[in-house]
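Asker: Encoded as C-alpha cells, here's the structure I'll be asking about.
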Amino acid sequence: MIEILERDLLLIQEQMRKTLGIIFSLLITGLTTYSQTKSLDKIAAVVGGAIILKSDVEMQYAQHLAQGNQDNPDLKCYLVQQMLTQKLLSQQAIIDSVTVTEDQVEDEINRRLRVMTSRAGGQERLEQFLNRSLIQYKDEIRPDIKEQLIANKMQGTITEKVTITPLEVKRFFDSIPADSLDYYNAEVEVGQIVGYPKLTKEEKETFKDKAESFRLRIKGGEDFATLARLYSEDPGSAAEGGDLGFMDRTMLVKEFAAMAFKLKPGELSPVFETEYGFHVLQVLERRGEQVRVRHILIKIEPTSTSLERTKTHLDSIYKQIVDKKISFSTAASLYSDDNETKFNGGMLINTEDVQSRTTYIPTDKLDPTVFLSIDTMKAGTYSKPDLFTDRTGKQGYRFLYLKSRTEPHKANLNQDFPKIKEIAYQDKINKSLSEWFEKRRKSTYIKIDPEYQNCSSLKIWTKAQE
C-alpha cells in the first residue's frame, strides 16, 4: 500500500512539473513576443516558482560596472547562473525556515554602497551612473540582497556538517598527479607589535588652535570652500572644497557622524576631534537619513617628544619578550596599536587568501619594508623597535617577529599540510554542494530563455531537464 502511494505521489509531482513547464513556457513566449512591440521586460529564466527578469540581470551587471570593473558581456551568463543557484537555495530556505534579520540586510546594503560610492568617486557620480538616487536604489536592491544573504546562509547549512580527516587529506594529496603539484615560493610567518604616538592635551593644542583659526575666518565671512581647498589636509575632499557628498551614519566615524547629524543645514560646527585629527564642518543639505557636509581637516602630527615616548614604550615591551617574561602573542594583544593584527597574536595575514586566514605569506607579497627588515633574520628572532610610516602616512614605531621561513619547494604533506588540508576541505564542500544542486535541478522545473542558452556555464541547468 505504501509503495503504491509513493508511486502515485511521484506521478502527481511529475505531472505538476510538466504542467508548470507548459504554463511558464507560454508565459515566456507571450511576454517575449509582446515585449518586441511594447518594450516590456523579458523573462530570462524560470526556476521552480521563481522568475528571473532580464532587468534583474542588467541591474546586477550595472552594479558590476559601478564597482569599477571592466565591461564584459560574457559575465551576464555567470550572473544568470548565479541567480538560478540563488533561487534554488532560497526556495529550500523557506522549507527549512532559514532566515536573516533586517539589520543584517541593511548592514550588507550599506557595505556595498560604501564600496560603490568610493569606486565611483562620490555619491553624486554614482547616482548619475545609476540614474537614480541612492535611497531609491537601496529600496530596489533590498529584496535581492535579502535573498542573497538567505541563499548564502542556506548554503552554509548544507555544508555545516562537512569535516575532513587527516586520512582524507592524504588521499586527496595522493590523487594529485606528481606533475600537477603546486610549486610554492619562499614563504614566511611574520608578526608585528606597533606603537603610535599618543599626544598630551597640551601637545594637541597647536593643531586644535589651527583648526579654530579657520572656523573664525569662516564666521568672519571668508569662503569655506576656498579655505578647504587651500588648507584642508583631507586629500579626498580638499580639491572639492571639503565637500564629502551625501553620506549616511555608517559611512562616517562615530564622532563625525554625531556632529554632522546634530547640526541644521547651514550651521557651522565647533572644532572637534576624531581619529583623523581636528575638524570644522558645515552641513549643506539633509536628505532623509543622509547628510551632505563639507569639512576642513587638520591632522595631528606626532611631536619629537611623543615619538620618543613611543620608542621607550616599545623598547620595554621588546625587552620583556626577549627575556621571556611575556609571550609575543600576549604582548601583541595587550599593547599593539595595530587593530588588524593585535587580535591575531600580532601575526600578519596573507591578504590574497583572507578566507583561510593563513599566516603563511609568499615573500614576494610582503610589504617591501617588512621584507627588508626580516630578510637577514633567523626564524624565532625579533627585530629591534624602529621608526616606520604605515600605508596611511601615519608614523610610529614597530618591531617584527619572524616565526618561520619556508624555502621554495614543490607541495608536500610535511611542509604544507595546513594549505593542502584547506584545499581538500574546499574540494569536499564543492562536491557536497554539487550533489545537492544536481538533485534539486532534476526535481525542479527550469526554463532558460534562448538568449542565454548558448552560455556554456548554463548547459548543466538545461541538461538536467532533458
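Identifiers for the C-alpha cells are assigned positionally: chains receive A, B, ... in sequence, residues are indexed from 1 per chain, and ligands are indexed from 1 in the order shown.
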Excluding stretch 394-404 of chain A and its own-chain neighbours fewer than 2 positions away, which residues fall within 7 Å of it when counting only C-alpha atoms? Please give them as number ranges by chain.
Answerer: A: 188-197, 310-311, 374, 379-390, 392, 406
Asker: Could you write those residues out with N, CA and C atoms, as a PDB file, in the first residue's frame?
Answerer:
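Once written, selection16.pdb looks like this:
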ATOM      1  N   VAL A 188      56.937  33.132   4.545  1.00  0.00           N
ATOM      2  CA  VAL A 188      57.309  33.463   5.916  1.00  0.00           C
ATOM      3  C   VAL A 188      56.056  33.677   6.751  1.00  0.00           C
ATOM      4  N   GLU A 189      56.207  33.514   8.057  1.00  0.00           N
ATOM      5  CA  GLU A 189      55.185  33.918   9.018  1.00  0.00           C
ATOM      6  C   GLU A 189      55.793  35.068   9.812  1.00  0.00           C
ATOM      7  N   VAL A 190      55.154  36.221   9.756  1.00  0.00           N
ATOM      8  CA  VAL A 190      55.697  37.427  10.389  1.00  0.00           C
ATOM      9  C   VAL A 190      54.658  38.058  11.313  1.00  0.00           C
ATOM     10  N   GLY A 191      55.117  38.434  12.505  1.00  0.00           N
ATOM     11  CA  GLY A 191      54.257  39.154  13.444  1.00  0.00           C
ATOM     12  C   GLY A 191      54.809  40.555  13.674  1.00  0.00           C
ATOM     13  N   GLN A 192      53.955  41.444  14.186  1.00  0.00           N
ATOM     14  CA  GLN A 192      54.428  42.786  14.490  1.00  0.00           C
ATOM     15  C   GLN A 192      53.713  43.346  15.710  1.00  0.00           C
ATOM     16  N   ILE A 193      54.419  44.171  16.446  1.00  0.00           N
ATOM     17  CA  ILE A 193      53.822  44.956  17.527  1.00  0.00           C
ATOM     18  C   ILE A 193      54.080  46.407  17.192  1.00  0.00           C
ATOM     19  N   VAL A 194      53.025  47.188  17.135  1.00  0.00           N
ATOM     20  CA  VAL A 194      53.070  48.573  16.662  1.00  0.00           C
ATOM     21  C   VAL A 194      52.683  49.527  17.778  1.00  0.00           C
ATOM     22  N   GLY A 195      53.372  50.647  17.838  1.00  0.00           N
ATOM     23  CA  GLY A 195      53.014  51.713  18.769  1.00  0.00           C
ATOM     24  C   GLY A 195      52.928  53.039  18.042  1.00  0.00           C
ATOM     25  N   TYR A 196      51.785  53.731  18.178  1.00  0.00           N
ATOM     26  CA  TYR A 196      51.644  55.061  17.585  1.00  0.00           C
ATOM     27  C   TYR A 196      51.723  56.112  18.695  1.00  0.00           C
ATOM     28  N   PRO A 197      52.314  57.269  18.402  1.00  0.00           N
ATOM     29  CA  PRO A 197      52.436  58.315  19.419  1.00  0.00           C
ATOM     30  C   PRO A 197      51.081  58.775  19.935  1.00  0.00           C
ATOM     31  N   THR A 310      56.983  56.880  22.640  1.00  0.00           N
ATOM     32  CA  THR A 310      56.540  55.647  21.986  1.00  0.00           C
ATOM     33  C   THR A 310      57.689  54.655  21.847  1.00  0.00           C
ATOM     34  N   LYS A 311      58.863  55.148  21.450  1.00  0.00           N
ATOM     35  CA  LYS A 311      60.029  54.271  21.304  1.00  0.00           C
ATOM     36  C   LYS A 311      60.410  53.640  22.643  1.00  0.00           C
ATOM     37  N   ILE A 374      63.179  41.655   7.684  1.00  0.00           N
ATOM     38  CA  ILE A 374      63.275  40.246   8.093  1.00  0.00           C
ATOM     39  C   ILE A 374      64.189  39.416   7.191  1.00  0.00           C
ATOM     40  N   ALA A 379      64.601  32.443  11.830  1.00  0.00           N
ATOM     41  CA  ALA A 379      63.283  32.106  12.392  1.00  0.00           C
ATOM     42  C   ALA A 379      63.371  32.084  13.911  1.00  0.00           C
ATOM     43  N   GLY A 380      62.358  32.683  14.560  1.00  0.00           N
ATOM     44  CA  GLY A 380      62.314  32.712  16.018  1.00  0.00           C
ATOM     45  C   GLY A 380      62.945  33.947  16.629  1.00  0.00           C
ATOM     46  N   THR A 381      63.413  34.888  15.796  1.00  0.00           N
ATOM     47  CA  THR A 381      64.058  36.096  16.318  1.00  0.00           C
ATOM     48  C   THR A 381      63.212  37.341  16.057  1.00  0.00           C
ATOM     49  N   TYR A 382      63.642  38.468  16.670  1.00  0.00           N
ATOM     50  CA  TYR A 382      62.900  39.726  16.621  1.00  0.00           C
ATOM     51  C   TYR A 382      63.791  40.850  16.114  1.00  0.00           C
ATOM     52  N   SER A 383      63.208  41.766  15.376  1.00  0.00           N
ATOM     53  CA  SER A 383      63.931  42.986  15.008  1.00  0.00           C
ATOM     54  C   SER A 383      63.763  43.993  16.144  1.00  0.00           C
ATOM     55  N   LYS A 384      64.669  44.954  16.246  1.00  0.00           N
ATOM     56  CA  LYS A 384      64.536  45.963  17.294  1.00  0.00           C
ATOM     57  C   LYS A 384      63.528  47.030  16.872  1.00  0.00           C
ATOM     58  N   PRO A 385      62.860  47.679  17.845  1.00  0.00           N
ATOM     59  CA  PRO A 385      61.885  48.721  17.502  1.00  0.00           C
ATOM     60  C   PRO A 385      62.494  49.788  16.602  1.00  0.00           C
ATOM     61  N   ASP A 386      61.762  50.126  15.547  1.00  0.00           N
ATOM     62  CA  ASP A 386      62.273  51.076  14.568  1.00  0.00           C
ATOM     63  C   ASP A 386      61.140  51.979  14.094  1.00  0.00           C
ATOM     64  N   LEU A 387      61.511  53.215  13.719  1.00  0.00           N
ATOM     65  CA  LEU A 387      60.531  54.174  13.207  1.00  0.00           C
ATOM     66  C   LEU A 387      60.026  53.711  11.838  1.00  0.00           C
ATOM     67  N   PHE A 388      58.698  53.798  11.609  1.00  0.00           N
ATOM     68  CA  PHE A 388      58.140  53.434  10.304  1.00  0.00           C
ATOM     69  C   PHE A 388      56.944  54.311   9.990  1.00  0.00           C
ATOM     70  N   THR A 389      56.539  54.284   8.737  1.00  0.00           N
ATOM     71  CA  THR A 389      55.345  55.015   8.281  1.00  0.00           C
ATOM     72  C   THR A 389      54.393  54.011   7.667  1.00  0.00           C
ATOM     73  N   ASP A 390      53.140  53.953   8.174  1.00  0.00           N
ATOM     74  CA  ASP A 390      52.190  52.960   7.651  1.00  0.00           C
ATOM     75  C   ASP A 390      51.598  53.418   6.327  1.00  0.00           C
ATOM     76  N   THR A 392      48.861  54.624   5.528  1.00  0.00           N
ATOM     77  CA  THR A 392      48.045  55.844   5.564  1.00  0.00           C
ATOM     78  C   THR A 392      48.899  57.080   5.778  1.00  0.00           C
ATOM     79  N   THR A 406      60.018  29.330   5.051  1.00  0.00           N
ATOM     80  CA  THR A 406      59.996  28.129   4.218  1.00  0.00           C
ATOM     81  C   THR A 406      60.613  28.449   2.872  1.00  0.00           C
TER      82      THR A 406
END
Asker: Would you pick out the contacts of A:Asp416 at 10 Å or less, using only C-alpha atoms, so that residues sharing its chain but fewer than 4 positions from it are not included, and give the list as a ChimeraX atom specification?
Answerer: /A:184,360,406,409-412,420-421
Asker: Report the distance between atom CA of A:Phe261 and atom CA of A:Val291 in Å, rounded to one decimal place.
Answerer: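 One can read the atom CA of A:Phe261 to atom CA of A:Val291 distance as 7.0 Å.
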Asker: Residues of stretch 92-265 of chain A classed as strand (DSSP E or B) by DSSP on the backbone are to be reported as a list in words.
Answerer: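 Matching residues, listed in order: Tyr183, Tyr184, Glu187, Val188, Glu189, Val190, Gly191, Gln192, Ile193, Val194, Gly195, Asp243, Leu244, Gly245, Phe246 and Met247 of chain A.
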Asker: Compile the contact shell of A:Glu187 as a PyMOL selection string: residues with an atom at most 7 Å away, counting only C-alpha atoms, same-chain residues fewer than 2 positions apart removed.
Answerer: chain A and resi 185+360-363+405-407
Asker: Limited to C-alpha atoms, could you put the picked residues into a file as a compact mmCIF listing (two decimals), in the first residue's frame?
Answerer:
# COMPACT_ATOMS: atom_id res chain seq x y z
CA ASN A 185 57.55 30.23 -3.41
CA TYR A 360 51.94 31.96 5.52
CA ILE A 361 52.84 34.83 3.19
CA PRO A 362 54.92 34.49 -0.02
CA THR A 363 57.94 36.77 0.32
CA ARG A 405 60.64 30.72 6.95
CA THR A 406 60.00 28.13 4.22
CA GLU A 407 62.24 27.87 1.16
